[in-house]
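Enquirer: A single structure is presented below for examination.
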Amino acid sequence: MILESLEVSLAERSYPIHIGRDLGTSLRRCVAADLADGRKLAVITDASVAREQAAFVEHAFGDLPVLVLPSGESTKAFHHLEHCANFLAEVGLDRGGRIFALGGGVIGDLAGFAAASFYRGIGFYQIPTTLLAMVDSSVGGKTGINLTAGKNLVGAFHQPLCVFADLDTLLSLPKREFNAGMAEVIKHGLLADEELFTLLESGPRLEASSEDLPAIIRRNCGIKAGVVSADEREESGQGGRALLNLGHTFGHAIEAVAGYGTYLHGEAIAIGLVLACQFSERLGNIDSATVDRAVPLLQKYDLPVRLRKPLPLDSLLAAVRKDKKSRAGSLRFVALEKIGKAVTVVGIEPGLLEELFVGVGAAQ
């Protein structure tokens with residue numbers, strides 16, 4: 001049953017986001033319509049989803065060919081992209097074919113990139129099964145894979161045809177994964193929605209079964225959809241889609257240096273949000289009381305606010321310098337002006353960057 005819907009407005013590439021429970025029947029109708037049009041279809045997922053959501057897969061997709069990949073961040077790699085492409089060719093997809101990307105952000109990014117590159121671009125659907133993917137990575141059309149040098153350095157903008165966010169798939173999600181998704185929810189409150197941030201602060205801790213969750217997810221998707229509609233390819237000189245990267249320059253460096261999978265993406269971003277708040281305070285944009293509001297909210301969801309083990313400072317600094325958000329040789333950081341409003345800042349004093357990382361446990 002669809003409980004909430006909204007649209008990402010991109011002219012002829014606009015698409016709906018459906019949020020609800022028991023969406024297998026809706027997906028089954030989507031599959032039937034595509035098959036009636038003579039399209040070849042395939043599903044790409046991972047081992048955890050295939051195991052935990054076996055009944056959902058059978059109900060929604062019937063006997064469609066399914067590629068099951070290993071779970072985890074390391075799957076976002078060239079050899080798995082090649083695996084996807086060979087699979088799509090073997091099962092007969094052509095230019096009219098379509099992919100169903102069933103999983104978290106890893107599968108959404110990888111399968112989306114496979115869709116963007118196979119026959120130079122075929123259609124795909126996002127069916128996110130983690131909170132993080134529902135509120136962030138499934139919306140907006142960013143697809144890609146990781147390199148040793150950094151996260152998401154190879155990829156393409158390729159919008160999905162539709163997003164189906166079935167909250168029932170979250171019921172089997174490990175608590176740690178759900179909490180990691182809350183980092184992105186908190187991020188959206190920090191950068192664009194003070195009312196959401198206050199609601200998260202004062203309200204009960206959200207769970208997969210919470211009655212308020214569909215509306216919270218819709219609110220997050222609405223924030224991202226609005227930003228993406230205005231700046232799809234992150235080309236704005238000021239603000240725009242880059243604002244969605246609050247905490248990500250720091251967080252991506254932590255992921256790369258610690259080794260992908262050591263921290264869940266949301267866990268690394270949680271530390272990145274702390275650093276972004278501290279950076280904003282050092283710029284004089286916000287006061288210490290604002291930082292003191294962000295940290296306990298992250299801790300409310302058992303998210304780390306400093307490194308679990310020291311990471312080499314030099315490696316973290318090198319990873320930051322390779323971040324894909326740099327422009328003309330200068331790094332762009334996202335800072336807060338207040339809770340609910342963010343701005344982009346070009347450049348940062350090297351000494352301040354070092355001080356910030358050491359402050360959360362980096363080893364000099």
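Residue numbers start at 1 in each chain; chains themselves are named A, B, ... in the order of the structure tokens; ligands are numbered from 1 in the order shown.
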Excluding segment 201-211 of chain A and residues on its chain fewer than 3 positions from it, collect all residues at most 7 Å away from it, counting only C-alpha atoms, and give them as a ChimeraX atom specification.
Expert: /A:170-171,197-198,297
Enquirer: Determine, counting only C-alpha atoms, which protein, DNA and RNA residues have an atom within 9 Å of an atom of Lys151 of chain A; residues of the same chain fewer than 2 positions away are not included. Present the result as a PyMOL selection string.
Expert: chain A and resi 144-149+153-154+252-253+255-256+260+323-324
Enquirer: Quick one: which segment 72-186 of chain A residues come within 12 Å of segment 219-230 of chain A, and what is the nearest atom pair for each with the distance in Å to one decimal, counting only C-alpha atoms, rows ordered by chain and ascending number, as a tab-separated table?
Expert:
residue	atom	partner	partner_atom	distance
A:Leu131	CA	A:Asn220	CA	10.8
A:Leu132	CA	A:Asn220	CA	10.5
A:Ala133	CA	A:Cys221	CA	10.4
A:Met134	CA	A:Cys221	CA	7.8
A:Val135	CA	A:Cys221	CA	5.5
A:Asp136	CA	A:Cys221	CA	7.1
A:Ser137	CA	A:Lys224	CA	9.8
A:Ser138	CA	A:Cys221	CA	9.4
A:Val139	CA	A:Ala225	CA	7.1
A:Gly140	CA	A:Val228	CA	5.9
A:Gly141	CA	A:Val228	CA	8.8
A:Lys142	CA	A:Val228	CA	10.2
A:Phe157	CA	A:Val228	CA	11.2
A:Gln159	CA	A:Val228	CA	10.6
A:Val163	CA	A:Cys221	CA	10.6
A:Ala165	CA	A:Cys221	CA	10.7
A:Gly181	CA	A:Asn220	CA	11.4
A:Met182	CA	A:Asn220	CA	10.7
A:Ala183	CA	A:Asn220	CA	11.7
A:Glu184	CA	A:Asn220	CA	8.7
A:Val185	CA	A:Asn220	CA	6.5
A:Ile186	CA	A:Asn220	CA	9.4
Enquirer: Using DSSP on the backbone coordinates, identify all residues within segment 74-300 of chain A classified as strand (DSSP E or B); present the result as a ChimeraX atom specification.
Expert: /A:98-103,123-128,142-147,150-157,163-166
Enquirer: Just to confirm, what's the straight-line distance from atom CA of Ala47 of chain A to atom CA of Val106 of chain A in Å (one decimal)?
Expert: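 Computing it gives 12.1 Å between the two atoms.
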Enquirer: Can you pull out every residue within 8 Å of Ile99 of chain A, counting only C-alpha atoms, but drop anything in the same chain fewer than 2 positions away, and send it as a compact mmCIF listing (two decimals) with N, CA, C and O atoms, in the first residue's frame?
Expert:
# COMPACT_ATOMS: atom_id res chain seq x y z
N LEU A 41 13.70 -7.74 -18.88
CA LEU A 41 13.90 -7.21 -17.54
C LEU A 41 14.85 -8.09 -16.75
O LEU A 41 14.96 -9.29 -17.00
N ALA A 42 15.52 -7.49 -15.78
CA ALA A 42 16.42 -8.24 -14.90
C ALA A 42 16.49 -7.53 -13.55
O ALA A 42 16.27 -6.32 -13.44
N VAL A 43 16.82 -8.31 -12.53
CA VAL A 43 16.95 -7.81 -11.16
C VAL A 43 18.40 -7.96 -10.72
O VAL A 43 19.02 -8.99 -10.95
N ILE A 44 18.93 -6.91 -10.09
CA ILE A 44 20.26 -6.98 -9.48
C ILE A 44 20.10 -6.70 -8.00
O ILE A 44 19.50 -5.69 -7.59
N GLY A 97 15.63 -2.67 -22.60
CA GLY A 97 15.61 -3.42 -21.35
C GLY A 97 15.61 -2.52 -20.13
O GLY A 97 15.95 -1.33 -20.21
N ALA A 101 16.93 -2.38 -9.44
CA ALA A 101 18.03 -2.34 -8.47
C ALA A 101 17.44 -2.51 -7.08
O ALA A 101 16.86 -1.57 -6.53
N ALA A 111 24.15 -0.91 -9.71
CA ALA A 111 23.19 -1.28 -10.74
C ALA A 111 22.78 -0.07 -11.56
O ALA A 111 22.54 -0.16 -12.77
N ALA A 115 23.18 0.38 -15.51
CA ALA A 115 22.11 0.86 -16.40
C ALA A 115 22.58 2.05 -17.22
O ALA A 115 22.24 2.17 -18.41
N ILE A 122 20.26 2.41 -20.33
CA ILE A 122 18.94 1.80 -20.35
C ILE A 122 18.20 2.22 -19.08
O ILE A 122 18.79 2.77 -18.15
N GLY A 123 16.90 1.97 -19.03
CA GLY A 123 16.10 2.38 -17.90
C GLY A 123 16.31 1.48 -16.69
O GLY A 123 16.63 0.30 -16.81
N PHE A 124 16.10 2.06 -15.50
CA PHE A 124 16.17 1.24 -14.28
C PHE A 124 15.26 1.81 -13.20
O PHE A 124 14.89 2.98 -13.23
N TYR A 125 14.90 0.93 -12.28
CA TYR A 125 14.08 1.28 -11.14
C TYR A 125 14.91 1.13 -9.87
O TYR A 125 15.69 0.19 -9.74
Enquirer: Excluding segment 331-346 of chain A and any residue of its chain fewer than 5 positions from it, enumerate the residues within 10 Å of it, using only C-alpha atoms, and give them as a PyMOL selection string.
Expert: chain A and resi 187-198+237-240+242-250+273+275-281+283-287+290-291+293-294+320-326
Enquirer: Please run DSSP on the backbone and report, as a PyMOL selection string, all residues within segment 133-331 of chain A that come out as alpha helix (DSSP H).
Expert: chain A and resi 175-192+194-202+213-230+248-258+265-283+288-300+313-321
Enquirer: Give me the segment 96-156 of chain A side of the contact with segment 22-25 of chain A, cut-off 12 Å, one line per residue showing its nearest atom pair and distance in Å at one decimal, counting only C-alpha atoms, sorted by chain and residue number, as a tab-separated table.
Expert:
residue	atom	partner	partner_atom	distance
A:Leu102	CA	A:Gly24	CA	11.8
A:Ile127	CA	A:Leu23	CA	9.9
A:Pro128	CA	A:Leu23	CA	11.7
A:Thr129	CA	A:Leu23	CA	11.8
